[in-house]
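Only one structure is covered here, and it is reproduced in the block below.
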Amino acid sequence: MSRKYEIRLKSGDEIEKIARAGRVVATVLSRLEKAVEPGVTTLDLEGLAQAVTAEMGAVPSFLGYRGYPAAICASVNDQVIHGIPNRIPLKEGDIVGIDFGACLDGFHADSALTVPVGNIDENARRLLRTTEEALWRGINMVQPGATIGDIGHAVQAHCESAGYSVVREMVGHGIGRDLHESPEVPNYGKPKNGVRLRKGMTICIEPMVNAGEPDIYTLPDGWTILTQDGRLSAHFEHTVAVTDNGVRVLTLRESPEQDDTARQ
């Protein structure tokens, strides 16, 4: 992690390199999304992620990062983030958050989505929809002169108005040559507060939203974070750049099933 508030502005060429890494991330996540079904294990998804990443000439950002043992984080149901892939088959009605980063030509990109396993109930479907909508509410705040607080407030307001809570301890982040750079990007905040956005900043916005209370805890594995109350959690993320024209999403997936209303 870079020193707090030491924000690295990126040149146009550097943003293009992050965008190329972002295309790898988007491709891998699209493949994983299609592979999710009852009976598949998160370790199966891990193998697919590593294979597709290698085919595209990139390397996984997470594998070995601070000792993390996998290329993806796969967080099921009440797991918030950092779930380690395992051999337990996914079941009909589960939800699985998949977080993935890739490094290409020395630059990282990072993205996440939460995927239904077969048919899920309306409560889970509403949580996923609201969390993705919150991501786009945050993204739509990005422009030169806006603040990190503007992003966090947009995410928080949307989630809390739907009766959900945002996780406070885990936040988004800057990204570039390092996987995690300054500034931190919380999913809560006050408008016009915090670091001011400038052209050349590249950040990851990633709402982590709980169906119940915001409290979390970590398993003895040192990685897997769960909701304290055992209720569901969802996670969506994109890497974005601040440009003269506003925001550019660098990890956008092309999915005909995607609901464009989430971006409004």
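So you can find residues: chains in the structure tokens are A, B, ... in the order shown, residues in each start at 1, and ligands are numbered from 1 in order.
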
Region 132-149 of chain A environment, 8 Å, only C-alpha atoms, sequence neighbours closer than 3 positions dropped, as number ranges by chain: A: 128-129, 152-156, 158-159, 185-186, 188-199, 205-207, 235-238, 240, 242-247, 261-264

Those same residues - N, CA and C atoms - I'd like them written as a compact mmCIF listing (two decimals), in the first residue's frame.
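The new file selection-v2.txt reads:
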# COMPACT_ATOMS: atom_id res chain seq x y z
N LEU A 128 -28.71 -8.46 -4.61
CA LEU A 128 -27.76 -8.36 -5.72
C LEU A 128 -28.06 -7.15 -6.59
N ARG A 129 -29.33 -6.96 -6.91
CA ARG A 129 -29.71 -5.84 -7.77
C ARG A 129 -29.38 -4.51 -7.11
N GLY A 152 -18.95 7.69 -1.80
CA GLY A 152 -19.42 6.91 -0.67
C GLY A 152 -20.85 7.23 -0.28
N HIS A 153 -21.20 8.52 -0.32
CA HIS A 153 -22.56 8.92 0.03
C HIS A 153 -23.57 8.33 -0.94
N ALA A 154 -23.25 8.34 -2.24
CA ALA A 154 -24.17 7.80 -3.23
C ALA A 154 -24.41 6.30 -3.00
N VAL A 155 -23.33 5.57 -2.70
CA VAL A 155 -23.46 4.14 -2.43
C VAL A 155 -24.27 3.91 -1.16
N GLN A 156 -23.88 4.57 -0.10
CA GLN A 156 -24.53 4.39 1.20
C GLN A 156 -26.01 4.72 1.14
N HIS A 158 -28.11 4.77 -1.34
CA HIS A 158 -28.91 3.83 -2.12
C HIS A 158 -29.13 2.54 -1.34
N CYS A 159 -28.09 2.03 -0.71
CA CYS A 159 -28.22 0.77 0.03
C CYS A 159 -29.08 0.91 1.27
N VAL A 185 -11.37 4.25 -0.71
CA VAL A 185 -12.67 4.65 -1.26
C VAL A 185 -13.77 3.96 -0.45
N PRO A 186 -14.18 4.55 0.67
CA PRO A 186 -15.23 3.94 1.50
C PRO A 186 -16.58 3.93 0.80
N TYR A 188 -19.30 4.74 2.24
CA TYR A 188 -20.11 5.65 3.04
C TYR A 188 -19.38 6.99 3.04
N GLY A 189 -20.08 8.04 3.40
CA GLY A 189 -19.43 9.34 3.44
C GLY A 189 -20.41 10.48 3.31
N LYS A 190 -19.85 11.68 3.31
CA LYS A 190 -20.65 12.89 3.19
C LYS A 190 -20.29 13.60 1.89
N PRO A 191 -21.29 14.15 1.20
CA PRO A 191 -21.01 14.88 -0.04
C PRO A 191 -20.00 16.00 0.19
N LYS A 192 -19.13 16.20 -0.79
CA LYS A 192 -18.14 17.28 -0.80
C LYS A 192 -17.03 17.08 0.23
N ASN A 193 -16.96 15.90 0.86
CA ASN A 193 -15.92 15.61 1.84
C ASN A 193 -14.89 14.64 1.27
N GLY A 194 -13.69 14.69 1.82
CA GLY A 194 -12.67 13.73 1.45
C GLY A 194 -11.82 14.18 0.28
N VAL A 195 -10.99 13.27 -0.20
CA VAL A 195 -10.06 13.54 -1.29
C VAL A 195 -10.81 14.00 -2.53
N ARG A 196 -10.31 15.04 -3.17
CA ARG A 196 -10.93 15.54 -4.39
C ARG A 196 -10.38 14.77 -5.60
N LEU A 197 -11.28 14.38 -6.49
CA LEU A 197 -10.88 13.61 -7.67
C LEU A 197 -10.22 14.51 -8.70
N ARG A 198 -9.16 13.98 -9.32
CA ARG A 198 -8.43 14.71 -10.35
C ARG A 198 -8.23 13.83 -11.57
N LYS A 199 -8.11 14.44 -12.71
CA LYS A 199 -7.81 13.71 -13.93
C LYS A 199 -6.56 12.86 -13.72
N ILE A 205 -14.04 1.11 -7.08
CA ILE A 205 -15.24 1.33 -6.29
C ILE A 205 -15.88 -0.03 -6.07
N GLU A 206 -16.14 -0.41 -4.81
CA GLU A 206 -16.60 -1.77 -4.57
C GLU A 206 -17.54 -1.88 -3.36
N PRO A 207 -18.82 -1.62 -3.58
CA PRO A 207 -19.78 -1.80 -2.50
C PRO A 207 -19.79 -3.23 -1.97
N HIS A 235 -21.29 -8.25 -3.29
CA HIS A 235 -20.09 -7.46 -3.60
C HIS A 235 -20.02 -7.25 -5.11
N PHE A 236 -19.94 -6.00 -5.52
CA PHE A 236 -19.70 -5.66 -6.92
C PHE A 236 -18.59 -4.60 -6.97
N GLU A 237 -17.80 -4.62 -8.04
CA GLU A 237 -16.64 -3.72 -8.12
C GLU A 237 -16.26 -3.46 -9.57
N HIS A 238 -15.80 -2.23 -9.83
CA HIS A 238 -15.17 -1.88 -11.10
C HIS A 238 -13.95 -1.00 -10.84
N VAL A 240 -12.08 2.20 -12.31
CA VAL A 240 -12.47 3.34 -13.13
C VAL A 240 -11.34 4.37 -13.16
N VAL A 242 -10.53 8.63 -13.79
CA VAL A 242 -11.07 9.98 -13.85
C VAL A 242 -10.47 10.67 -15.08
N THR A 243 -11.32 11.12 -16.00
CA THR A 243 -10.87 11.76 -17.22
C THR A 243 -11.49 13.15 -17.34
N ASP A 244 -11.03 13.92 -18.33
CA ASP A 244 -11.62 15.24 -18.58
C ASP A 244 -13.11 15.15 -18.87
N ASN A 245 -13.52 14.00 -19.44
CA ASN A 245 -14.92 13.81 -19.83
C ASN A 245 -15.75 13.12 -18.76
N GLY A 246 -15.17 12.93 -17.57
CA GLY A 246 -15.89 12.25 -16.50
C GLY A 246 -15.24 10.92 -16.17
N VAL A 247 -16.05 9.88 -16.09
CA VAL A 247 -15.56 8.57 -15.66
C VAL A 247 -15.40 7.64 -16.86
N THR A 261 -30.60 -0.91 -16.33
CA THR A 261 -31.19 -0.01 -15.36
C THR A 261 -30.26 0.16 -14.15
N ALA A 262 -29.36 -0.80 -13.95
CA ALA A 262 -28.42 -0.68 -12.83
C ALA A 262 -27.50 0.51 -12.99
N ARG A 263 -27.33 0.97 -14.24
CA ARG A 263 -26.38 2.06 -14.49
C ARG A 263 -27.01 3.43 -14.36
N GLN A 264 -28.31 3.47 -14.15
CA GLN A 264 -29.00 4.78 -14.15
C GLN A 264 -28.65 5.56 -12.90

Long-range neighbours of Gly230 (chain A) as a PDB file with N, CA and C atoms, in the first residue's frame, 12 Å cut-off, only C-alpha atoms, 3 positions minimum in chain:
ATOM      1  N   VAL A  76     -19.224 -17.108  -0.542  1.00  0.00           N
ATOM      2  CA  VAL A  76     -20.544 -17.718  -0.705  1.00  0.00           C
ATOM      3  C   VAL A  76     -21.487 -17.275   0.411  1.00  0.00           C
ATOM      4  N   ASN A  77     -22.647 -16.791   0.021  1.00  0.00           N
ATOM      5  CA  ASN A  77     -23.757 -16.481   0.928  1.00  0.00           C
ATOM      6  C   ASN A  77     -23.393 -15.428   1.974  1.00  0.00           C
ATOM      7  N   ASP A  78     -23.102 -15.827   3.223  1.00  0.00           N
ATOM      8  CA  ASP A  78     -22.808 -14.847   4.265  1.00  0.00           C
ATOM      9  C   ASP A  78     -21.336 -14.465   4.306  1.00  0.00           C
ATOM     10  N   GLN A  79     -20.539 -15.002   3.384  1.00  0.00           N
ATOM     11  CA  GLN A  79     -19.150 -14.555   3.267  1.00  0.00           C
ATOM     12  C   GLN A  79     -19.143 -13.232   2.504  1.00  0.00           C
ATOM     13  N   VAL A  80     -18.498 -12.233   3.084  1.00  0.00           N
ATOM     14  CA  VAL A  80     -18.514 -10.884   2.506  1.00  0.00           C
ATOM     15  C   VAL A  80     -17.481 -10.780   1.388  1.00  0.00           C
ATOM     16  N   ASN A 210     -24.511  -5.735   3.128  1.00  0.00           N
ATOM     17  CA  ASN A 210     -25.097  -6.809   3.922  1.00  0.00           C
ATOM     18  C   ASN A 210     -26.616  -6.689   3.972  1.00  0.00           C
ATOM     19  N   ALA A 211     -27.275  -7.846   3.933  1.00  0.00           N
ATOM     20  CA  ALA A 211     -28.736  -7.855   4.056  1.00  0.00           C
ATOM     21  C   ALA A 211     -29.173  -7.439   5.447  1.00  0.00           C
ATOM     22  N   GLY A 212     -28.318  -7.685   6.450  1.00  0.00           N
ATOM     23  CA  GLY A 212     -28.641  -7.338   7.827  1.00  0.00           C
ATOM     24  C   GLY A 212     -27.747  -6.246   8.368  1.00  0.00           C
ATOM     25  N   GLU A 213     -27.127  -6.515   9.506  1.00  0.00           N
ATOM     26  CA  GLU A 213     -26.271  -5.535  10.152  1.00  0.00           C
ATOM     27  C   GLU A 213     -24.904  -5.447   9.459  1.00  0.00           C
ATOM     28  N   PRO A 214     -24.175  -4.344   9.644  1.00  0.00           N
ATOM     29  CA  PRO A 214     -22.887  -4.182   8.960  1.00  0.00           C
ATOM     30  C   PRO A 214     -21.734  -4.943   9.607  1.00  0.00           C
ATOM     31  N   ASP A 215     -21.944  -5.507  10.798  1.00  0.00           N
ATOM     32  CA  ASP A 215     -20.844  -6.124  11.545  1.00  0.00           C
ATOM     33  C   ASP A 215     -20.306  -7.368  10.847  1.00  0.00           C
ATOM     34  N   ILE A 216     -18.989  -7.544  10.904  1.00  0.00           N
ATOM     35  CA  ILE A 216     -18.315  -8.647  10.235  1.00  0.00           C
ATOM     36  C   ILE A 216     -17.300  -9.284  11.179  1.00  0.00           C
ATOM     37  N   TYR A 217     -16.826 -10.489  10.790  1.00  0.00           N
ATOM     38  CA  TYR A 217     -15.725 -11.121  11.519  1.00  0.00           C
ATOM     39  C   TYR A 217     -14.921 -11.961  10.541  1.00  0.00           C
ATOM     40  N   ILE A 225     -13.978 -13.278   5.344  1.00  0.00           N
ATOM     41  CA  ILE A 225     -14.746 -12.345   6.165  1.00  0.00           C
ATOM     42  C   ILE A 225     -16.231 -12.640   5.988  1.00  0.00           C
ATOM     43  N   LEU A 226     -16.949 -12.778   7.100  1.00  0.00           N
ATOM     44  CA  LEU A 226     -18.365 -13.119   7.086  1.00  0.00           C
ATOM     45  C   LEU A 226     -19.185 -12.069   7.811  1.00  0.00           C
ATOM     46  N   THR A 227     -20.495 -12.063   7.549  1.00  0.00           N
ATOM     47  CA  THR A 227     -21.410 -11.220   8.300  1.00  0.00           C
ATOM     48  C   THR A 227     -21.564 -11.791   9.708  1.00  0.00           C
ATOM     49  N   SER A 233     -24.521 -11.420   2.017  1.00  0.00           N
ATOM     50  CA  SER A 233     -23.753 -10.231   1.644  1.00  0.00           C
ATOM     51  C   SER A 233     -23.459 -10.307   0.151  1.00  0.00           C
TER      52      SER A 233
END

Two-atom distance - CA of Phe100 (chain A), CA of Ser161 (chain A) (Å):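 Atom-to-atom, CA of Phe100 (chain A) to CA of Ser161 (chain A), that is 28.7 Å.
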
DSSP strand (DSSP E) selection over region 41-243 of chain A, as a PyMOL selection string: chain A and resi 59-60+72-76+79-81+95-104+107-116+165-166+172-174+181-185+202-205+208-210+216-218+225-227+233-235+238-243

Among listed residues A:Arg66, A:Lys91, A:His108, A:Arg31, nearest Lys17 (chain A) (using only C-alpha atoms):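 For Lys17 (chain A), the nearest of the given residues is A:His108.
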
Two-atom distance - CA of Asp105 (chain A), CA of Ile7 (chain A) (Å):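 CA of Ile7 (chain A) lies at a distance of 20.5 Å from CA of Asp105 (chain A).
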
Give me the residues within 8 Å of Leu90 (chain A) as a JSON list (two decimals) with C-alpha atoms, in the first residue's frame, counting only C-alpha atoms and dropping any in the same chain fewer than 6 places off.
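Writing the result to out_9.json gives the following:
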[["chain", "number", "residue", "atom", "x", "y", "z"],
["A", 37, "GLU", "CA", -24.11, -23.59, -11.60],
["A", 38, "PRO", "CA", -25.16, -26.07, -8.92],
["A", 39, "GLY", "CA", -22.49, -28.71, -8.37],
["A", 40, "VAL", "CA", -19.57, -26.55, -9.49],
["A", 41, "THR", "CA", -16.98, -25.85, -6.80],
["A", 42, "THR", "CA", -15.19, -22.58, -6.22],
["A", 117, "VAL", "CA", -26.37, -20.20, -8.37]]

Non-local contacts of Pro85 (chain A) (7 Å; only C-alpha atoms; under 6 positions in same chain excluded) as a ChimeraX atom specification: /A:42-43,46,73-74

Please provide the set of residues having any atom within 9 Å of Gly93 (chain A), restricted to only C-alpha atoms, with same-chain residues fewer than 5 positions apart removed, written as a PDB file with C-alpha atoms, in the first residue's frame.
ATOM      1  CA  PRO A  38     -25.160 -26.069  -8.917  1.00  0.00           C
ATOM      2  CA  PRO A 116     -26.738 -16.410  -8.434  1.00  0.00           C
ATOM      3  CA  VAL A 117     -26.370 -20.195  -8.365  1.00  0.00           C
ATOM      4  CA  GLY A 118     -29.371 -21.461 -10.297  1.00  0.00           C
ATOM      5  CA  ASN A 119     -32.638 -19.992  -9.058  1.00  0.00           C
ATOM      6  CA  ILE A 120     -32.378 -17.711  -6.036  1.00  0.00           C
ATOM      7  CA  ASP A 121     -35.158 -16.272  -3.917  1.00  0.00           C
ATOM      8  CA  ALA A 124     -31.276 -12.555  -2.561  1.00  0.00           C
TER       9      ALA A 124
END

DSSP-assigned alpha helix (DSSP H) among region 38-262 of chain A, expressed as a VMD selection string: chain A and resid 42 to 55 122 to 139 148 to 161
